[in-house]
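**Student:** Sending over upload-v6.cif (mmCIF, C-alpha atoms and all ligand atoms).
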data_my_file
#
loop_
_atom_site.label_atom_id
_atom_site.label_comp_id
_atom_site.auth_asym_id
_atom_site.auth_seq_id
_atom_site.Cartn_x
_atom_site.Cartn_y
_atom_site.Cartn_z
CA MET A 709 190.11 150.44 8.32
CA GLU A 710 190.75 147.81 5.67
CA ASP A 711 192.49 145.63 8.27
CA ARG A 712 189.60 145.97 10.65
CA ARG A 713 187.11 144.94 7.98
CA LYS A 714 189.25 141.93 7.13
CA LEU A 715 189.48 140.94 10.78
CA MET A 716 185.70 141.17 11.14
CA GLU A 717 185.15 139.06 8.03
CA GLU A 718 187.61 136.52 9.35
CA GLN A 719 185.79 136.44 12.69
CA ASP A 720 182.39 136.08 11.02
CA LYS A 721 183.71 133.15 9.03
CA ARG A 722 185.02 131.48 12.16
CA ILE A 723 181.76 132.08 14.03
CA LYS A 724 179.89 130.45 11.15
CA GLU A 725 182.19 127.44 11.18
CA ARG A 726 181.88 126.93 14.92
CA MET A 727 178.13 127.45 14.93
CA GLY A 728 177.85 124.99 12.05
CA LYS A 729 178.68 122.16 14.47
CA ILE A 730 175.69 122.98 16.63
CA LYS A 731 172.45 121.35 15.56
CA HIS A 732 169.98 123.80 17.06
CA LYS A 733 170.52 127.39 18.12
CA ILE A 734 167.79 129.17 19.99
CA ALA A 735 167.80 132.75 21.29
CA VAL A 736 165.82 133.47 24.42
CA ILE A 737 164.46 137.01 24.47
CA SER A 738 162.19 139.18 26.58
CA GLY A 739 160.68 142.58 26.11
CA LYS A 740 162.05 143.76 29.44
CA GLY A 741 164.26 142.66 32.29
CA GLY A 742 163.21 140.68 35.32
CA VAL A 743 160.63 138.44 33.69
CA GLY A 744 162.73 135.32 34.22
CA LYS A 745 164.53 135.06 30.89
CA SER A 746 167.70 133.67 32.46
CA THR A 747 165.77 131.39 34.80
CA VAL A 748 163.91 129.95 31.84
CA THR A 749 167.12 129.56 29.80
CA VAL A 750 168.95 127.73 32.56
CA ASN A 751 166.09 125.41 33.42
CA LEU A 752 165.37 124.61 29.78
CA ALA A 753 169.04 123.78 29.33
CA MET A 754 168.82 121.41 32.30
CA ALA A 755 165.65 119.83 30.96
CA PHE A 756 167.30 119.25 27.56
CA ALA A 757 170.42 117.83 29.21
CA MET A 758 168.31 115.48 31.32
CA LYS A 759 166.83 114.11 28.11
CA GLY A 760 170.33 113.16 27.03
CA TYR A 761 171.09 116.05 24.68
CA SER A 762 174.42 117.85 24.66
CA VAL A 763 173.68 121.42 25.58
CA GLY A 764 175.41 124.78 25.73
CA ILE A 765 174.39 128.17 27.07
CA LEU A 766 175.75 131.40 25.70
CA ASP A 767 175.07 134.02 28.33
CA ALA A 768 175.08 137.12 26.15
CA ASP A 769 173.20 139.20 28.70
CA VAL A 770 176.01 141.65 29.20
CA HIS A 771 174.16 143.80 31.71
CA GLY A 772 173.63 141.26 34.38
CA PRO A 773 175.09 137.93 33.37
CA SER A 774 173.21 135.75 35.85
CA VAL A 775 173.60 132.32 34.26
CA PRO A 776 176.90 131.51 36.05
CA LYS A 777 175.38 132.25 39.44
CA MET A 778 172.30 130.16 38.71
CA LEU A 779 174.50 127.22 37.74
CA GLY A 780 176.94 127.58 40.62
CA LEU A 781 179.73 128.73 38.29
CA LYS A 782 180.27 132.24 39.61
CA GLY A 783 183.92 133.23 39.70
CA ARG A 784 184.99 130.58 37.19
CA ARG A 785 187.18 131.54 34.25
CA LEU A 786 187.32 130.42 30.64
CA GLN A 787 190.34 128.28 29.81
CA VAL A 788 192.35 128.36 26.62
CA SER A 789 193.28 125.08 24.94
CA GLU A 790 196.73 124.29 23.58
CA LYS A 791 195.43 125.17 20.15
CA GLY A 792 194.44 128.58 21.44
CA GLU A 793 190.70 127.94 21.48
CA ILE A 794 188.51 129.16 24.31
CA LEU A 795 186.89 126.33 26.23
CA PRO A 796 183.45 126.75 27.80
CA VAL A 797 183.09 126.18 31.53
CA LEU A 798 181.41 122.86 32.32
CA GLY A 799 178.31 123.18 34.48
CA PRO A 800 175.84 120.68 35.96
CA MET A 801 174.88 117.85 33.57
CA ASN A 802 177.94 118.81 31.49
CA ILE A 803 176.23 121.91 30.18
CA LYS A 804 178.84 124.04 28.42
CA VAL A 805 178.62 127.64 29.53
CA VAL A 806 180.15 130.78 28.08
CA SER A 807 179.41 134.05 29.82
CA MET A 808 180.85 137.53 29.77
CA ASP A 809 180.95 137.06 33.52
CA PHE A 810 183.83 134.60 33.07
CA LEU A 811 185.89 137.40 31.53
CA LEU A 812 185.38 139.95 34.25
CA PRO A 813 187.66 140.39 37.23
CA ALA A 814 186.19 138.79 40.34
CA ASP A 815 185.05 140.83 43.33
CA GLU A 816 185.11 144.13 41.56
CA ALA A 817 182.43 146.59 40.69
CA PRO A 818 180.59 145.51 37.53
CA VAL A 819 182.58 146.50 34.50
CA VAL A 820 180.76 148.89 32.24
CA TRP A 821 181.48 147.72 28.71
CA ARG A 822 181.43 150.58 26.31
CA GLY A 823 179.26 149.81 23.27
CA PRO A 824 181.86 149.16 20.56
CA LEU A 825 184.21 147.41 22.97
CA LYS A 826 181.41 145.17 24.13
CA MET A 827 180.47 144.16 20.60
CA SER A 828 184.02 143.42 19.57
CA ALA A 829 184.55 141.39 22.76
CA ILE A 830 181.47 139.31 22.00
CA ARG A 831 182.43 138.90 18.35
CA GLN A 832 185.91 137.74 19.30
CA LEU A 833 184.58 135.43 21.98
CA LEU A 834 182.13 133.80 19.57
CA GLY A 835 184.86 133.26 17.00
CA GLU A 836 187.22 131.62 19.46
CA VAL A 837 184.95 129.42 21.57
CA ASP A 838 185.21 125.74 20.84
CA TRP A 839 181.74 124.43 21.66
CA GLY A 840 182.43 121.14 19.95
CA GLU A 841 179.37 119.28 18.70
CA LEU A 842 176.19 120.31 20.46
CA ASP A 843 172.54 119.39 20.05
CA TYR A 844 171.21 122.62 21.50
CA LEU A 845 172.73 126.01 22.18
CA LEU A 846 170.53 128.40 24.14
CA ILE A 847 171.45 132.05 23.90
CA ASP A 848 170.40 134.33 26.72
CA LEU A 849 170.21 137.72 25.00
CA PRO A 850 170.14 141.04 26.89
CA PRO A 851 166.62 142.10 27.86
CA GLY A 852 164.56 144.36 25.66
CA THR A 853 164.33 144.73 21.94
CA GLY A 854 166.78 147.58 21.41
CA ASP A 855 170.02 147.91 19.51
CA GLU A 856 172.07 145.81 21.85
CA PRO A 857 170.20 142.50 21.76
CA LEU A 858 169.70 143.11 18.05
CA SER A 859 173.42 143.57 17.32
CA ILE A 860 174.33 140.50 19.33
CA ALA A 861 171.66 138.37 17.67
CA GLN A 862 172.92 139.53 14.27
CA LEU A 863 176.32 138.04 15.04
CA LEU A 864 174.79 134.58 15.29
CA PRO A 865 174.28 132.86 11.97
CA ASP A 866 171.70 130.22 11.06
CA MET A 867 169.56 130.41 14.16
CA ASP A 868 166.57 128.12 14.49
CA GLY A 869 164.57 130.90 16.07
CA VAL A 870 163.64 132.75 19.21
CA ILE A 871 161.68 131.95 22.32
CA ILE A 872 159.88 134.87 23.91
CA VAL A 873 159.65 134.89 27.68
CA THR A 874 156.90 137.00 29.14
CA ILE A 875 154.82 137.44 32.28
CA PRO A 876 151.06 137.82 32.47
CA SER A 877 150.86 141.48 33.31
CA GLU A 878 148.83 144.09 31.51
CA VAL A 879 151.73 145.29 29.43
CA SER A 880 152.45 141.82 28.13
CA GLU A 881 150.68 142.33 24.87
CA GLN A 882 152.69 145.43 23.99
CA VAL A 883 155.87 143.75 25.13
CA VAL A 884 155.19 140.69 23.02
CA LYS A 885 154.42 142.89 20.05
CA LYS A 886 157.89 144.40 20.35
CA SER A 887 159.49 140.98 20.60
CA VAL A 888 157.62 139.83 17.50
CA LYS A 889 158.93 142.87 15.63
CA PHE A 890 162.41 142.09 16.88
CA ALA A 891 162.25 138.56 15.47
CA GLU A 892 160.88 139.89 12.18
CA LEU A 893 163.77 142.34 11.91
CA LEU A 894 166.18 139.46 12.36
CA LYS A 895 164.17 137.28 9.98
CA MET A 896 164.05 134.70 12.73
CA ARG A 897 161.31 132.26 13.34
CA ILE A 898 159.40 132.58 16.60
CA ILE A 899 159.38 129.11 18.08
CA GLY A 900 156.92 130.20 20.74
CA ILE A 901 156.10 132.04 23.92
CA VAL A 902 156.84 130.91 27.45
CA GLU A 903 154.64 132.50 30.05
CA ASN A 904 156.63 132.70 33.26
CA MET A 905 155.21 133.39 36.73
CA SER A 906 151.97 132.38 35.15
CA TYR A 907 150.08 131.33 38.28
CA LEU A 908 150.64 130.21 41.85
CA SER A 909 150.61 126.61 42.77
CA CYS A 910 149.34 126.12 46.33
CA PRO A 911 152.17 124.43 48.21
CA LYS A 912 149.68 122.51 50.33
CA CYS A 913 147.09 121.23 47.90
CA GLY A 914 148.64 121.99 44.50
CA GLU A 915 145.62 124.03 43.43
CA ARG A 916 146.25 126.52 40.66
CA ILE A 917 145.75 130.09 41.82
CA GLU A 918 145.49 132.73 39.11
CA VAL A 919 147.25 135.84 40.39
CA PHE A 920 146.92 137.94 37.27
CA ASN A 921 144.20 137.71 34.70
CA GLY A 922 144.32 134.01 33.94
CA GLY A 923 145.12 132.74 30.47
CA ALA A 924 146.96 135.88 29.32
CA GLY A 925 149.67 133.81 27.63
CA LYS A 926 147.12 131.76 25.72
CA ARG A 927 145.26 134.84 24.57
CA ILE A 928 148.39 136.64 23.46
CA ALA A 929 149.77 133.59 21.68
CA LYS A 930 146.48 133.20 19.86
CA SER A 931 146.22 136.83 18.85
CA PHE A 932 149.72 136.78 17.38
CA GLY A 933 149.37 133.32 15.89
CA ILE A 934 152.38 132.07 17.85
CA PRO A 935 152.51 128.76 19.75
CA LEU A 936 152.34 128.93 23.53
CA LEU A 937 155.13 126.61 24.62
CA GLY A 938 154.13 126.51 28.25
CA GLU A 939 153.14 128.22 31.47
CA ILE A 940 155.58 128.19 34.37
CA PRO A 941 154.15 128.81 37.83
CA MET A 942 155.47 131.36 40.25
CA ASP A 943 157.50 129.12 42.47
CA PRO A 944 159.46 130.29 45.52
CA LYS A 945 161.72 127.28 45.08
CA ILE A 946 162.88 128.49 41.69
CA ALA A 947 164.29 131.67 43.18
CA LYS A 948 165.88 129.80 46.06
CA GLU A 949 167.49 127.25 43.79
CA ALA A 950 168.72 130.00 41.48
CA ASP A 951 170.59 131.49 44.41
CA SER A 952 172.01 128.17 45.47
CA GLY A 953 173.41 127.42 42.01
CA MET A 954 171.46 124.27 41.28
CA PRO A 955 168.61 124.84 38.87
CA PHE A 956 165.16 123.78 39.70
CA VAL A 957 164.53 121.15 37.07
CA VAL A 958 166.67 118.70 39.00
CA ASP A 959 163.71 118.35 41.32
CA PHE A 960 161.74 116.79 38.52
CA SER A 961 158.73 115.70 40.48
CA SER A 962 157.32 119.21 40.77
CA LYS A 963 154.74 120.94 38.61
CA THR A 964 157.31 123.55 37.64
CA ALA A 965 159.76 120.94 36.42
CA LYS A 966 156.98 119.24 34.47
CA ALA A 967 156.22 122.57 32.80
CA PHE A 968 159.83 122.81 31.63
CA GLU A 969 159.77 119.22 30.36
CA GLU A 970 156.65 119.97 28.37
CA ILE A 971 158.24 123.06 26.84
CA VAL A 972 161.26 121.00 25.81
CA SER A 973 159.01 118.43 24.12
CA ARG A 974 157.24 121.18 22.21
CA ILE A 975 160.54 122.71 21.09
CA GLU A 976 161.79 119.29 19.98
CA LYS A 977 158.65 118.81 17.97
CA ALA A 978 158.80 122.30 16.47
CA LEU A 979 162.42 121.84 15.40
CA GLY A 980 162.08 118.27 14.29
CA GLY A 981 164.05 116.61 17.10
P1 LIG B 1 165.64 138.10 33.67
O1 LIG B 1 166.70 137.21 33.10
O2 LIG B 1 164.44 138.20 32.76
O3 LIG B 1 166.14 139.45 34.08
P2 LIG B 1 165.74 136.35 35.96
O4 LIG B 1 165.72 135.01 35.34
O5 LIG B 1 167.05 136.86 36.47
O6 LIG B 1 165.08 137.42 34.99
O7 LIG B 1 164.65 136.34 37.12
C1 LIG B 1 164.38 137.49 37.91
C2 LIG B 1 164.06 137.04 39.34
O8 LIG B 1 162.82 136.36 39.36
C3 LIG B 1 165.08 136.07 39.91
O9 LIG B 1 165.28 136.37 41.26
C4 LIG B 1 164.44 134.71 39.73
O10 LIG B 1 164.89 133.78 40.69
C5 LIG B 1 162.96 135.05 39.91
N1 LIG B 1 162.07 134.14 39.15
C6 LIG B 1 162.09 133.91 37.81
N2 LIG B 1 161.12 133.05 37.46
C7 LIG B 1 160.46 132.70 38.60
C8 LIG B 1 159.35 131.84 38.91
N3 LIG B 1 158.70 131.16 37.96
N4 LIG B 1 158.96 131.75 40.20
C9 LIG B 1 159.60 132.48 41.17
N5 LIG B 1 160.64 133.29 40.96
C10 LIG B 1 161.07 133.41 39.69
#
Show me the file's structure as structure tokens.
Ligand code: ADP
**Tutor:**
Amino acid sequence: MEDRRKLMEEQDKRIKERMGKIKHKIAVISGKGGVGKSTVTVNLAMAFAMKGYSVGILDADVHGPSVPKMLGLKGRRLQVSEKGEILPVLGPMNIKVVSMDFLLPADEAPVVWRGPLKMSAIRQLLGEVDWGELDYLLIDLPPGTGDEPLSIAQLLPDMDGVIIVTIPSEVSEQVVKKSVKFAELLKMRIIGIVENMSYLSCPKCGERIEVFNGGAGKRIAKSFGIPLLGEIPMDPKIAKEADSGMPFVVDFSSKTAKAFEEIVSRIEKALGG
């Protein structure tokens, strides 16, 4: 027991050291799955990288690690350096990616990580990964606001804050409320809300079509006193690109890409560059 406690303290110290070399650490959270949390994480990472920042993504969504697929890195494995450090996989625009998916055997049924095993695997991984110096690390946490995302977030020291990804459905308000509570529990700042699948952009004329009740993100942000970082349209291309492994932002002429660029500018401003 004593040994285990010592090991955990040692790991926490190492995590702190490694994280200390990263200027900004942002957790991306959502009240529930399927709202586009990973899509937003990956595209924000691309938008930051395109601005010249060095960027990393920690895919801590242990249920369905989808970041590798979205970046065309499925099936890749983490390498170990001569010094015994774990090296992230390099993705497009030199984005450094660490995902539980890189630890799982390929072509097998998804591994069900038992709770304690999962946490100790993540803790060990975080202590051993050599991110080097980074400007931004985006952390894709598991969906929801339960014990699991909470425990993982608690492993990460000195975070700048969280970004809440939501969609404009009726339940949004309740979902956001839970996310706000989550951030409060962690004593983390809420950098802002991203409303995903906010509206439809007509592919022919570019007109904005409100599918849900328009302006939900704005209203929610206002009622909670949280900044609205941006509204991302529902865009068939985003899903297609996610499947092909090249994130959308690369096509930077589109409205969707512009929305991501704007969000990045707002985050930069909020965090002081
Ligand atoms: P989460 O990480 O919240 O579970 P994902 O990022 O995996 O959600 O997205 C769920 C699905 O929705 C994916 O198939 C993704 O391609 C699609 N998707 C996400 N955002 C958009 C969008 N703005 N327009 C169209 N499809 C989207």
**Student:** Using all atoms listed in the file, which residues sit within 12 Å of Pro776 in chain A once same-chain residues fewer than 2 positions away are excluded, as a ChimeraX atom specification?
**Tutor:** /A:746-747,749-750,765-769,772-774,778-786,796-800,803-811,848,950-955
**Student:** Choose the residue, out of A:Gly792, A:Gly923, A:Gly741, A:Pro911, that has the smallest atom-to-atom separation from ligand LIG 1 (chain B); count all atoms listed in the file.
**Tutor:**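 Distance minimum relative to ligand LIG 1 (chain B) lands on A:Gly741.
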**Student:** Within 7 Å of ligand LIG 1 (chain B), counting all atoms listed in the file: which residues, as a PyMOL selection string?
**Tutor:** chain A and resi 738+740-748+774+851+904-905+940-948+950
**Student:** For a quick check of understanding, using all atoms listed in the file, which of A:Pro857, A:Gly925, A:Gly840, A:Gly852 has the smallest distance to Lys826 in chain A?
**Tutor:** A:Pro857
**Student:** Considering only C-alpha atoms, state which residue in the set A:Ala829, A:Met801, A:Ala753, A:Val775 is at the smallest distance from Lys733 in chain A.
**Tutor:** A:Ala753
**Student:** Skip Ala861 in chain A itself and residues of its chain fewer than 3 positions away, then list as number ranges by chain all residues within 8 Å of it, counting only C-alpha atoms.
**Tutor:** A: 735, 849, 857-858, 864, 894
**Student:** Find the distance between CA of Ala978 in chain A and CA of Ile860 in chain A and write it in Å to one decimal.
**Tutor:** 24.1 Å
**Student:** Expressed in Å to a single decimal, how great is the separation between CA of Val883 in chain A and CA of Arg974 in chain A?
**Tutor:**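 Those two atoms sit 22.8 Å apart.
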**Student:** Quick one: residues within 10 Å of Met727 in chain A, only C-alpha atoms, excluding same-chain residues fewer than 6 positions away - as an mmCIF file with C-alpha atoms, in the coordinates of the input?
**Tutor:**
data_model
loop_
_atom_site.group_PDB
_atom_site.id
_atom_site.type_symbol
_atom_site.label_atom_id
_atom_site.label_comp_id
_atom_site.auth_asym_id
_atom_site.auth_seq_id
_atom_site.Cartn_x
_atom_site.Cartn_y
_atom_site.Cartn_z
ATOM 1 C CA LYS A 721 183.710 133.150 9.030
ATOM 2 C CA LYS A 733 170.520 127.390 18.120
ATOM 3 C CA LEU A 834 182.130 133.800 19.570
ATOM 4 C CA GLY A 835 184.860 133.260 17.000
ATOM 5 C CA VAL A 837 184.950 129.420 21.570
ATOM 6 C CA ASP A 838 185.210 125.740 20.840
ATOM 7 C CA TRP A 839 181.740 124.430 21.660
ATOM 8 C CA GLY A 840 182.430 121.140 19.950
ATOM 9 C CA GLU A 841 179.370 119.280 18.700
ATOM 10 C CA LEU A 842 176.190 120.310 20.460
ATOM 11 C CA LEU A 845 172.730 126.010 22.180
ATOM 12 C CA LEU A 864 174.790 134.580 15.290
ATOM 13 C CA PRO A 865 174.280 132.860 11.970
ATOM 14 C CA ASP A 866 171.700 130.220 11.060
ATOM 15 C CA MET A 867 169.560 130.410 14.160
#
**Student:** Using only C-alpha atoms, pick whichever of A:Gly728, A:Phe932, A:Ile847, A:Leu812 has the shortest atom-to-atom distance to Lys886 in chain A.
**Tutor:**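 Nearest to Lys886 in chain A: A:Phe932.
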**Student:** For CA of Thr853 in chain A and CA of Val736 in chain A, quote the distance in Å rounded to one decimal.
**Tutor:**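 Spanning CA of Thr853 in chain A to CA of Val736 in chain A is a straight-line distance of 11.6 Å.
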**Student:** Would you give the centre and edge lengths, in Å to one decimal, of a box along x, y and z around the listed atoms of range 725-738 of chain A, with 4 Å added to each side, as AutoDock Vina command-line options?
**Tutor:**
--center_x 172.2 --center_y 130.3 --center_z 18.9 --size_x 28.0 --size_y 25.8 --size_z 23.4
**Student:** Skipping near chain neighbours, those fewer than 4 positions away, what residues fall within 12 Å of Arg927 in chain A using all atoms listed in the file, listed as a ChimeraX atom specification?
**Tutor:** /A:876,880-881,884,901,903,921-923,931-936
**Student:** Have a look at A:Glu892, A:Asp843, A:Asp868, A:Asp855 and name the one nearest to Gly760 in chain A; count only C-alpha atoms.
**Tutor:**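 Going through A:Glu892, A:Asp843, A:Asp868, A:Asp855 one by one, the smallest distance to Gly760 in chain A is for A:Asp843.
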**Student:** Looking at only C-alpha atoms, which of A:Lys963, A:Lys885, A:Arg897, A:Lys724 is the one that sits closest to Gly914 in chain A?
**Tutor:**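 Smallest distance to Gly914 in chain A is found for A:Lys963.
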**Student:** Can you list, as a list in words, every protein, DNA or RNA residue that comes within 7 Å of Ala755 in chain A when you count only C-alpha atoms, leaving out same-chain residues fewer than 2 positions away?
**Tutor:** Asn751, Leu752, Ala753, Ala757, Met758, Lys759, Val957, Phe968, Glu969 and Val972 of chain A
